[in-house]
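Trainee: Input structure: final_6.cif, which contains mmCIF, N, CA and C atoms.
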data_run
loop_
_atom_site.label_atom_id
_atom_site.label_comp_id
_atom_site.auth_asym_id
_atom_site.auth_seq_id
_atom_site.Cartn_x
_atom_site.Cartn_y
_atom_site.Cartn_z
N MET A 24 5.39 7.57 -1.04
CA MET A 24 4.59 6.91 -2.04
C MET A 24 3.55 7.92 -2.54
N ASP A 25 3.33 8.00 -3.85
CA ASP A 25 2.38 8.98 -4.36
C ASP A 25 0.93 8.50 -4.17
N LYS A 26 0.00 9.43 -4.33
CA LYS A 26 -1.41 9.15 -4.07
C LYS A 26 -1.94 8.01 -4.97
N LYS A 27 -1.56 8.01 -6.22
CA LYS A 27 -2.04 6.98 -7.16
C LYS A 27 -1.59 5.58 -6.71
N THR A 28 -0.35 5.45 -6.27
CA THR A 28 0.16 4.16 -5.79
C THR A 28 -0.56 3.74 -4.52
N LEU A 29 -0.74 4.70 -3.59
CA LEU A 29 -1.46 4.39 -2.36
C LEU A 29 -2.88 3.93 -2.67
N GLU A 30 -3.53 4.65 -3.58
CA GLU A 30 -4.91 4.29 -3.94
C GLU A 30 -4.96 2.89 -4.55
N THR A 31 -4.01 2.57 -5.40
CA THR A 31 -3.97 1.24 -6.02
C THR A 31 -3.81 0.15 -4.96
N HIS A 32 -2.86 0.35 -4.04
CA HIS A 32 -2.66 -0.63 -2.97
C HIS A 32 -3.91 -0.76 -2.10
N ALA A 33 -4.50 0.37 -1.74
CA ALA A 33 -5.70 0.35 -0.89
C ALA A 33 -6.85 -0.33 -1.61
N ARG A 34 -7.02 -0.03 -2.90
CA ARG A 34 -8.11 -0.65 -3.66
C ARG A 34 -7.92 -2.17 -3.74
N LEU A 35 -6.69 -2.61 -3.96
CA LEU A 35 -6.41 -4.05 -4.04
C LEU A 35 -6.67 -4.76 -2.71
N ARG A 36 -6.49 -4.05 -1.60
CA ARG A 36 -6.72 -4.61 -0.27
C ARG A 36 -8.18 -4.50 0.16
N GLY A 37 -9.04 -3.91 -0.71
CA GLY A 37 -10.45 -3.81 -0.37
C GLY A 37 -10.76 -2.66 0.59
N CYS A 38 -9.93 -1.63 0.60
CA CYS A 38 -10.12 -0.51 1.52
C CYS A 38 -11.26 0.40 1.11
N PHE A 39 -11.67 0.33 -0.12
CA PHE A 39 -12.83 1.08 -0.59
C PHE A 39 -13.34 0.39 -1.84
N PRO A 40 -14.51 0.76 -2.33
CA PRO A 40 -15.15 0.02 -3.42
C PRO A 40 -14.29 -0.10 -4.67
N GLN A 41 -14.46 -1.22 -5.36
CA GLN A 41 -13.74 -1.46 -6.60
C GLN A 41 -14.28 -0.59 -7.73
N THR A 42 -15.55 -0.19 -7.63
CA THR A 42 -16.15 0.65 -8.66
C THR A 42 -16.58 1.96 -8.03
N ASP A 43 -16.90 2.89 -8.86
CA ASP A 43 -17.29 4.21 -8.36
C ASP A 43 -18.79 4.46 -8.48
N ASN A 44 -19.60 3.41 -8.52
CA ASN A 44 -21.03 3.68 -8.63
C ASN A 44 -21.61 4.06 -7.27
N ALA A 45 -22.73 4.72 -7.29
CA ALA A 45 -23.34 5.28 -6.07
C ALA A 45 -23.65 4.20 -5.03
N GLU A 46 -24.10 3.05 -5.48
CA GLU A 46 -24.46 1.98 -4.53
C GLU A 46 -23.23 1.50 -3.76
N ASP A 47 -22.10 1.33 -4.44
CA ASP A 47 -20.87 0.92 -3.76
C ASP A 47 -20.41 1.97 -2.77
N ARG A 48 -20.51 3.26 -3.14
CA ARG A 48 -20.10 4.33 -2.22
C ARG A 48 -20.97 4.34 -0.97
N LYS A 49 -22.27 4.12 -1.15
CA LYS A 49 -23.16 4.10 0.01
C LYS A 49 -22.82 2.94 0.93
N LYS A 50 -22.53 1.77 0.36
CA LYS A 50 -22.15 0.61 1.16
C LYS A 50 -20.87 0.88 1.94
N ALA A 51 -19.97 1.65 1.36
CA ALA A 51 -18.69 1.93 2.02
C ALA A 51 -18.77 3.14 2.95
N GLY A 52 -19.95 3.76 3.05
CA GLY A 52 -20.09 4.91 3.92
C GLY A 52 -19.68 6.21 3.26
N GLN A 53 -19.42 6.17 1.98
CA GLN A 53 -19.04 7.37 1.25
C GLN A 53 -20.25 7.85 0.46
N MET A 54 -21.08 8.63 1.11
CA MET A 54 -22.32 9.09 0.51
C MET A 54 -22.03 10.12 -0.58
N ASP A 55 -22.88 10.13 -1.62
CA ASP A 55 -22.72 11.19 -2.61
C ASP A 55 -23.20 12.51 -2.01
N ASN A 56 -22.93 13.61 -2.68
CA ASN A 56 -23.21 14.93 -2.12
C ASN A 56 -24.68 15.15 -1.81
N SER A 57 -25.58 14.53 -2.54
CA SER A 57 -27.00 14.77 -2.30
C SER A 57 -27.50 14.10 -1.03
N ALA A 58 -26.78 13.10 -0.53
CA ALA A 58 -27.22 12.38 0.67
C ALA A 58 -26.14 12.34 1.73
N LYS A 59 -25.24 13.30 1.70
CA LYS A 59 -24.10 13.29 2.61
C LYS A 59 -24.55 13.50 4.05
N VAL A 60 -24.13 12.59 4.92
CA VAL A 60 -24.49 12.66 6.33
C VAL A 60 -23.30 13.14 7.15
N MET A 61 -22.11 12.72 6.79
CA MET A 61 -20.89 13.12 7.49
C MET A 61 -19.95 13.80 6.51
N ASP A 62 -19.14 14.71 7.06
CA ASP A 62 -18.17 15.38 6.21
C ASP A 62 -17.02 14.43 5.89
N SER A 63 -16.24 14.81 4.89
CA SER A 63 -15.13 13.97 4.42
C SER A 63 -14.11 13.69 5.51
N LYS A 64 -13.81 14.69 6.35
CA LYS A 64 -12.82 14.51 7.41
C LYS A 64 -13.29 13.43 8.38
N THR A 65 -14.56 13.47 8.78
CA THR A 65 -15.09 12.48 9.72
C THR A 65 -15.05 11.08 9.10
N LEU A 66 -15.46 10.98 7.84
CA LEU A 66 -15.42 9.68 7.16
C LEU A 66 -14.00 9.13 7.09
N GLU A 67 -13.04 9.99 6.79
CA GLU A 67 -11.66 9.52 6.69
C GLU A 67 -11.09 9.16 8.06
N LEU A 68 -11.47 9.88 9.12
CA LEU A 68 -11.02 9.50 10.46
C LEU A 68 -11.58 8.13 10.86
N ILE A 69 -12.82 7.87 10.49
CA ILE A 69 -13.41 6.54 10.73
C ILE A 69 -12.63 5.49 9.94
N ALA A 70 -12.30 5.80 8.69
CA ALA A 70 -11.55 4.87 7.85
C ALA A 70 -10.15 4.62 8.41
N VAL A 71 -9.53 5.66 8.99
CA VAL A 71 -8.22 5.49 9.63
C VAL A 71 -8.35 4.49 10.78
N GLY A 72 -9.37 4.68 11.63
CA GLY A 72 -9.58 3.77 12.74
C GLY A 72 -9.85 2.35 12.27
N ALA A 73 -10.67 2.21 11.25
CA ALA A 73 -10.97 0.88 10.72
C ALA A 73 -9.72 0.23 10.14
N SER A 74 -8.87 1.02 9.51
CA SER A 74 -7.63 0.49 8.95
C SER A 74 -6.71 -0.06 10.03
N VAL A 75 -6.62 0.68 11.15
CA VAL A 75 -5.80 0.21 12.27
C VAL A 75 -6.40 -1.05 12.87
N ALA A 76 -7.71 -1.03 13.10
CA ALA A 76 -8.37 -2.19 13.69
C ALA A 76 -8.22 -3.42 12.80
N ALA A 77 -8.21 -3.21 11.49
CA ALA A 77 -8.07 -4.33 10.54
C ALA A 77 -6.62 -4.68 10.24
N CYS A 78 -5.68 -3.91 10.79
CA CYS A 78 -4.25 -4.13 10.55
C CYS A 78 -3.90 -4.09 9.07
N CYS A 79 -4.48 -3.12 8.36
CA CYS A 79 -4.26 -2.99 6.92
C CYS A 79 -3.36 -1.78 6.66
N ILE A 80 -2.09 -2.03 6.41
CA ILE A 80 -1.12 -0.95 6.21
C ILE A 80 -1.43 -0.10 4.98
N PRO A 81 -1.71 -0.69 3.81
CA PRO A 81 -2.02 0.16 2.65
C PRO A 81 -3.27 1.02 2.90
N CYS A 82 -4.25 0.45 3.58
CA CYS A 82 -5.46 1.21 3.90
C CYS A 82 -5.12 2.38 4.82
N LEU A 83 -4.32 2.11 5.84
CA LEU A 83 -3.92 3.15 6.79
C LEU A 83 -3.18 4.27 6.07
N GLU A 84 -2.22 3.93 5.23
CA GLU A 84 -1.47 4.95 4.51
C GLU A 84 -2.39 5.81 3.65
N TYR A 85 -3.29 5.15 2.94
CA TYR A 85 -4.21 5.88 2.06
C TYR A 85 -5.13 6.80 2.87
N HIS A 86 -5.74 6.26 3.92
CA HIS A 86 -6.74 7.03 4.66
C HIS A 86 -6.14 8.11 5.55
N VAL A 87 -4.91 7.92 6.05
CA VAL A 87 -4.24 8.99 6.79
C VAL A 87 -3.99 10.17 5.86
N LYS A 88 -3.50 9.89 4.67
CA LYS A 88 -3.26 10.95 3.70
C LYS A 88 -4.56 11.66 3.33
N ALA A 89 -5.61 10.88 3.09
CA ALA A 89 -6.91 11.47 2.73
C ALA A 89 -7.48 12.29 3.89
N ALA A 90 -7.31 11.80 5.12
CA ALA A 90 -7.80 12.54 6.29
C ALA A 90 -7.06 13.86 6.42
N ARG A 91 -5.76 13.85 6.22
CA ARG A 91 -4.98 15.10 6.28
C ARG A 91 -5.45 16.07 5.21
N GLU A 92 -5.68 15.56 4.01
CA GLU A 92 -6.17 16.41 2.92
C GLU A 92 -7.55 16.97 3.22
N ALA A 93 -8.33 16.24 4.02
CA ALA A 93 -9.68 16.70 4.40
C ALA A 93 -9.64 17.63 5.61
N GLY A 94 -8.44 17.88 6.14
CA GLY A 94 -8.30 18.84 7.23
C GLY A 94 -8.13 18.25 8.62
N ALA A 95 -7.92 16.95 8.74
CA ALA A 95 -7.73 16.32 10.05
C ALA A 95 -6.41 16.76 10.66
N SER A 96 -6.45 17.08 11.94
CA SER A 96 -5.25 17.47 12.65
C SER A 96 -4.49 16.24 13.15
N HIS A 97 -3.26 16.48 13.59
CA HIS A 97 -2.47 15.40 14.18
C HIS A 97 -3.21 14.81 15.39
N ALA A 98 -3.78 15.68 16.23
CA ALA A 98 -4.50 15.22 17.42
C ALA A 98 -5.73 14.38 17.06
N GLU A 99 -6.44 14.77 16.01
CA GLU A 99 -7.61 13.99 15.58
C GLU A 99 -7.20 12.63 15.05
N LEU A 100 -6.12 12.59 14.27
CA LEU A 100 -5.62 11.31 13.78
C LEU A 100 -5.16 10.42 14.93
N ALA A 101 -4.45 10.99 15.89
CA ALA A 101 -3.98 10.23 17.04
C ALA A 101 -5.15 9.67 17.84
N SER A 102 -6.19 10.46 17.98
CA SER A 102 -7.38 10.01 18.72
C SER A 102 -8.05 8.84 18.01
N ALA A 103 -8.21 8.95 16.70
CA ALA A 103 -8.82 7.85 15.93
C ALA A 103 -7.98 6.58 16.03
N ILE A 104 -6.67 6.73 15.95
CA ILE A 104 -5.78 5.58 16.02
C ILE A 104 -5.80 4.95 17.41
N ASN A 105 -5.78 5.76 18.45
CA ASN A 105 -5.82 5.23 19.82
C ASN A 105 -7.11 4.48 20.10
N MET A 106 -8.24 5.01 19.62
CA MET A 106 -9.52 4.31 19.80
C MET A 106 -9.50 2.97 19.06
N ALA A 107 -8.96 2.96 17.85
CA ALA A 107 -8.90 1.72 17.07
C ALA A 107 -8.01 0.68 17.76
N LYS A 108 -6.92 1.14 18.36
CA LYS A 108 -6.05 0.20 19.07
C LYS A 108 -6.79 -0.44 20.24
N LYS A 109 -7.62 0.33 20.92
CA LYS A 109 -8.42 -0.23 22.02
C LYS A 109 -9.43 -1.24 21.50
N VAL A 110 -10.07 -0.91 20.40
CA VAL A 110 -11.05 -1.83 19.80
C VAL A 110 -10.36 -3.12 19.37
N ARG A 111 -9.20 -2.98 18.75
CA ARG A 111 -8.43 -4.15 18.29
C ARG A 111 -7.94 -5.00 19.45
N GLN A 112 -7.60 -4.37 20.57
CA GLN A 112 -7.03 -5.06 21.72
C GLN A 112 -8.05 -5.96 22.42
N THR A 113 -9.31 -5.55 22.44
CA THR A 113 -10.33 -6.31 23.18
C THR A 113 -10.44 -7.77 22.76
N PRO A 114 -10.56 -8.10 21.47
CA PRO A 114 -10.63 -9.52 21.12
C PRO A 114 -9.34 -10.27 21.44
N MET A 115 -8.20 -9.58 21.36
CA MET A 115 -6.94 -10.24 21.70
C MET A 115 -6.91 -10.58 23.19
N ASP A 116 -7.39 -9.66 24.01
CA ASP A 116 -7.46 -9.93 25.45
C ASP A 116 -8.39 -11.10 25.75
N LYS A 117 -9.51 -11.15 25.04
CA LYS A 117 -10.49 -12.22 25.26
C LYS A 117 -9.92 -13.58 24.87
N ILE A 118 -9.20 -13.65 23.77
CA ILE A 118 -8.63 -14.93 23.35
C ILE A 118 -7.54 -15.37 24.32
N ASP A 119 -6.75 -14.41 24.83
CA ASP A 119 -5.74 -14.74 25.83
C ASP A 119 -6.39 -15.30 27.09
N GLN A 120 -7.49 -14.67 27.48
CA GLN A 120 -8.23 -15.13 28.66
C GLN A 120 -8.76 -16.54 28.45
N LYS A 121 -9.30 -16.82 27.26
CA LYS A 121 -9.84 -18.14 26.96
C LYS A 121 -8.72 -19.19 26.98
N CYS A 122 -7.57 -18.85 26.46
CA CYS A 122 -6.43 -19.78 26.51
C CYS A 122 -6.06 -20.12 27.95
N GLU A 123 -6.06 -19.12 28.82
CA GLU A 123 -5.77 -19.35 30.23
C GLU A 123 -6.83 -20.25 30.86
N GLU A 124 -8.11 -19.99 30.53
CA GLU A 124 -9.20 -20.81 31.05
C GLU A 124 -9.05 -22.27 30.61
N LEU A 125 -8.54 -22.45 29.41
CA LEU A 125 -8.35 -23.80 28.87
C LEU A 125 -7.04 -24.43 29.36
N GLY A 126 -6.30 -23.68 30.16
CA GLY A 126 -5.06 -24.19 30.71
C GLY A 126 -3.93 -24.27 29.71
N ILE A 127 -3.97 -23.45 28.72
CA ILE A 127 -2.96 -23.46 27.66
C ILE A 127 -2.00 -22.30 27.88
#
Translate the structure described by the file into structure tokens.

Mentor:
Amino acid sequence: MDKKTLETHARLRGCFPQTDNAEDRKKAGQMDNSAKVMDSKTLELIAVGASVAACCIPCLEYHVKAAREAGASHAELASAINMAKKVRQTPMDKIDQKCEELGI
């Protein structure tokens, strides 16, 4: 899938701001150059993890590609994904535990 198609799918799923104004970028953690706190690779690795935790396939496809373009290695991507899987697993474990407590 080309970058434009991935971006369209990701935008429709709410993976990043609908507009390109500075306030929306700040809310999404994408700081403009004058106030940049994290580099693009770090931001995209965070977005990869968030995409996995949110189970958003278009977001994941978009942000993995963007992370690679920003210089993320296979090992860095795998680390972000593994951490997100752990974060995602915790609430599932808790709900399973609650079901058992309720005798279901």

Trainee: Expand the PyMOL selection byres ((chain A and resi 105-122) around 7) into the explicit residue set it covers here, and present it as a ChimeraX atom specification.

Mentor: /A:71-73,75-77,100-104,123-127

Trainee: When you draw a straight line from CA of Lys64 in chain A to atom C of Tyr85 in chain A, how long is it in Å?

Mentor: 11.8 Å

Trainee: Would you work out the distance separating CA of Glu67 in chain A from atom N of Ala90 in chain A, expressed in Å to one decimal?

Mentor: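 According to the coordinates, CA of Glu67 in chain A and atom N of Ala90 in chain A are separated by 5.2 Å.
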
Trainee: Report, in Å with one decimal, the straight-line distance from CA of Ser74 in chain A to CA of Ala95 in chain A.

Mentor: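 Rounded to one decimal, the two atoms are 15.9 Å apart.
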
Trainee: Grab all the atoms of range 63-74 of chain A that the file lists, wrap them in a box along x, y and z, add 8 Å per side, and give me centre plus edge lengths in Å (one decimal) as AutoDock Vina command-line options.

Mentor:
--center_x -11.5 --center_y 7.4 --center_z 8.6 --size_x 25.5 --size_y 30.9 --size_z 24.3

Trainee: Taking only N, CA and C atoms, show range 54-100 of chain A of the given structure as a tab-separated table (two decimals), in the first residue's frame.

Mentor:
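Output (part.tsv):
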chain	number	residue	atom	x	y	z
A	54	MET	N	5.32	17.86	18.02
A	54	MET	CA	5.69	19.24	18.24
A	54	MET	C	6.30	19.84	16.97
A	55	ASP	N	6.07	21.14	16.77
A	55	ASP	CA	6.74	21.78	15.64
A	55	ASP	C	8.23	21.94	15.96
A	56	ASN	N	9.02	22.28	14.98
A	56	ASN	CA	10.47	22.31	15.14
A	56	ASN	C	10.93	23.27	16.23
A	57	SER	N	10.22	24.34	16.48
A	57	SER	CA	10.67	25.31	17.48
A	57	SER	C	10.49	24.80	18.90
A	58	ALA	N	9.62	23.81	19.10
A	58	ALA	CA	9.37	23.30	20.46
A	58	ALA	C	9.55	21.80	20.53
A	59	LYS	N	10.35	21.25	19.64
A	59	LYS	CA	10.51	19.80	19.57
A	59	LYS	C	11.20	19.26	20.81
A	60	VAL	N	10.57	18.28	21.44
A	60	VAL	CA	11.12	17.67	22.64
A	60	VAL	C	11.70	16.30	22.33
A	61	MET	N	11.07	15.57	21.44
A	61	MET	CA	11.54	14.24	21.04
A	61	MET	C	11.78	14.22	19.54
A	62	ASP	N	12.72	13.37	19.14
A	62	ASP	CA	12.98	13.25	17.71
A	62	ASP	C	11.86	12.46	17.05
A	63	SER	N	11.83	12.53	15.73
A	63	SER	CA	10.77	11.88	14.94
A	63	SER	C	10.74	10.37	15.16
A	64	LYS	N	11.91	9.74	15.25
A	64	LYS	CA	11.97	8.29	15.43
A	64	LYS	C	11.30	7.90	16.75
A	65	THR	N	11.61	8.62	17.83
A	65	THR	CA	11.02	8.31	19.13
A	65	THR	C	9.50	8.50	19.10
A	66	LEU	N	9.05	9.60	18.49
A	66	LEU	CA	7.61	9.83	18.39
A	66	LEU	C	6.92	8.73	17.61
A	67	GLU	N	7.53	8.29	16.52
A	67	GLU	CA	6.92	7.24	15.71
A	67	GLU	C	6.94	5.89	16.43
A	68	LEU	N	7.99	5.60	17.21
A	68	LEU	CA	8.01	4.36	17.99
A	68	LEU	C	6.90	4.37	19.04
A	69	ILE	N	6.67	5.52	19.65
A	69	ILE	CA	5.56	5.65	20.60
A	69	ILE	C	4.23	5.42	19.86
A	70	ALA	N	4.10	6.00	18.68
A	70	ALA	CA	2.88	5.84	17.89
A	70	ALA	C	2.67	4.38	17.47
A	71	VAL	N	3.77	3.67	17.17
A	71	VAL	CA	3.67	2.25	16.85
A	71	VAL	C	3.10	1.50	18.05
A	72	GLY	N	3.66	1.76	19.24
A	72	GLY	CA	3.16	1.11	20.45
A	72	GLY	C	1.71	1.43	20.72
A	73	ALA	N	1.35	2.69	20.56
A	73	ALA	CA	-0.05	3.09	20.78
A	73	ALA	C	-0.97	2.41	19.78
A	74	SER	N	-0.51	2.26	18.55
A	74	SER	CA	-1.32	1.60	17.52
A	74	SER	C	-1.60	0.15	17.88
A	75	VAL	N	-0.56	-0.54	18.38
A	75	VAL	CA	-0.74	-1.94	18.80
A	75	VAL	C	-1.68	-2.01	19.99
A	76	ALA	N	-1.45	-1.15	20.98
A	76	ALA	CA	-2.29	-1.16	22.18
A	76	ALA	C	-3.75	-0.87	21.83
A	77	ALA	N	-3.96	-0.02	20.82
A	77	ALA	CA	-5.33	0.33	20.41
A	77	ALA	C	-5.91	-0.63	19.38
A	78	CYS	N	-5.11	-1.60	18.94
A	78	CYS	CA	-5.54	-2.58	17.93
A	78	CYS	C	-6.00	-1.90	16.64
A	79	CYS	N	-5.25	-0.88	16.21
A	79	CYS	CA	-5.60	-0.13	15.01
A	79	CYS	C	-4.63	-0.50	13.88
A	80	ILE	N	-5.08	-1.35	12.97
A	80	ILE	CA	-4.23	-1.83	11.89
A	80	ILE	C	-3.78	-0.70	10.95
A	81	PRO	N	-4.68	0.18	10.48
A	81	PRO	CA	-4.20	1.25	9.59
A	81	PRO	C	-3.18	2.15	10.30
A	82	CYS	N	-3.40	2.40	11.58
A	82	CYS	CA	-2.45	3.22	12.35
A	82	CYS	C	-1.11	2.52	12.42
A	83	LEU	N	-1.12	1.24	12.72
A	83	LEU	CA	0.11	0.46	12.82
A	83	LEU	C	0.87	0.49	11.50
A	84	GLU	N	0.18	0.24	10.40
A	84	GLU	CA	0.84	0.25	9.09
A	84	GLU	C	1.48	1.60	8.81
A	85	TYR	N	0.73	2.66	9.08
A	85	TYR	CA	1.24	4.01	8.81
A	85	TYR	C	2.46	4.31	9.69
A	86	HIS	N	2.35	4.06	10.99
A	86	HIS	CA	3.41	4.45	11.91
A	86	HIS	C	4.65	3.56	11.83
A	87	VAL	N	4.49	2.28	11.46
A	87	VAL	CA	5.67	1.43	11.23
A	87	VAL	C	6.46	1.98	10.05
A	88	LYS	N	5.76	2.32	8.98
A	88	LYS	CA	6.44	2.88	7.81
A	88	LYS	C	7.13	4.20	8.17
A	89	ALA	N	6.43	5.06	8.90
A	89	ALA	CA	7.01	6.35	9.29
A	89	ALA	C	8.20	6.16	10.23
A	90	ALA	N	8.11	5.18	11.13
A	90	ALA	CA	9.22	4.91	12.05
A	90	ALA	C	10.44	4.42	11.27
A	91	ARG	N	10.22	3.56	10.30
A	91	ARG	CA	11.34	3.08	9.47
A	91	ARG	C	11.98	4.24	8.71
A	92	GLU	N	11.14	5.10	8.16
A	92	GLU	CA	11.66	6.27	7.44
A	92	GLU	C	12.43	7.21	8.36
A	93	ALA	N	12.07	7.22	9.65
A	93	ALA	CA	12.76	8.06	10.63
A	93	ALA	C	14.01	7.38	11.18
A	94	GLY	N	14.29	6.16	10.71
A	94	GLY	CA	15.52	5.48	11.10
A	94	GLY	C	15.38	4.40	12.16
A	95	ALA	N	14.17	4.00	12.51
A	95	ALA	CA	13.97	2.96	13.51
A	95	ALA	C	14.43	1.61	12.97
A	96	SER	N	15.14	0.88	13.80
A	96	SER	CA	15.61	-0.45	13.42
A	96	SER	C	14.53	-1.49	13.67
A	97	HIS	N	14.76	-2.68	13.14
A	97	HIS	CA	13.84	-3.80	13.38
A	97	HIS	C	13.75	-4.07	14.89
A	98	ALA	N	14.89	-4.05	15.58
A	98	ALA	CA	14.90	-4.32	17.02
A	98	ALA	C	14.13	-3.25	17.80
A	99	GLU	N	14.24	-1.99	17.39
A	99	GLU	CA	13.49	-0.92	18.07
A	99	GLU	C	12.00	-1.08	17.85
A	100	LEU	N	11.60	-1.41	16.63
A	100	LEU	CA	10.19	-1.64	16.35
A	100	LEU	C	9.66	-2.83	17.15
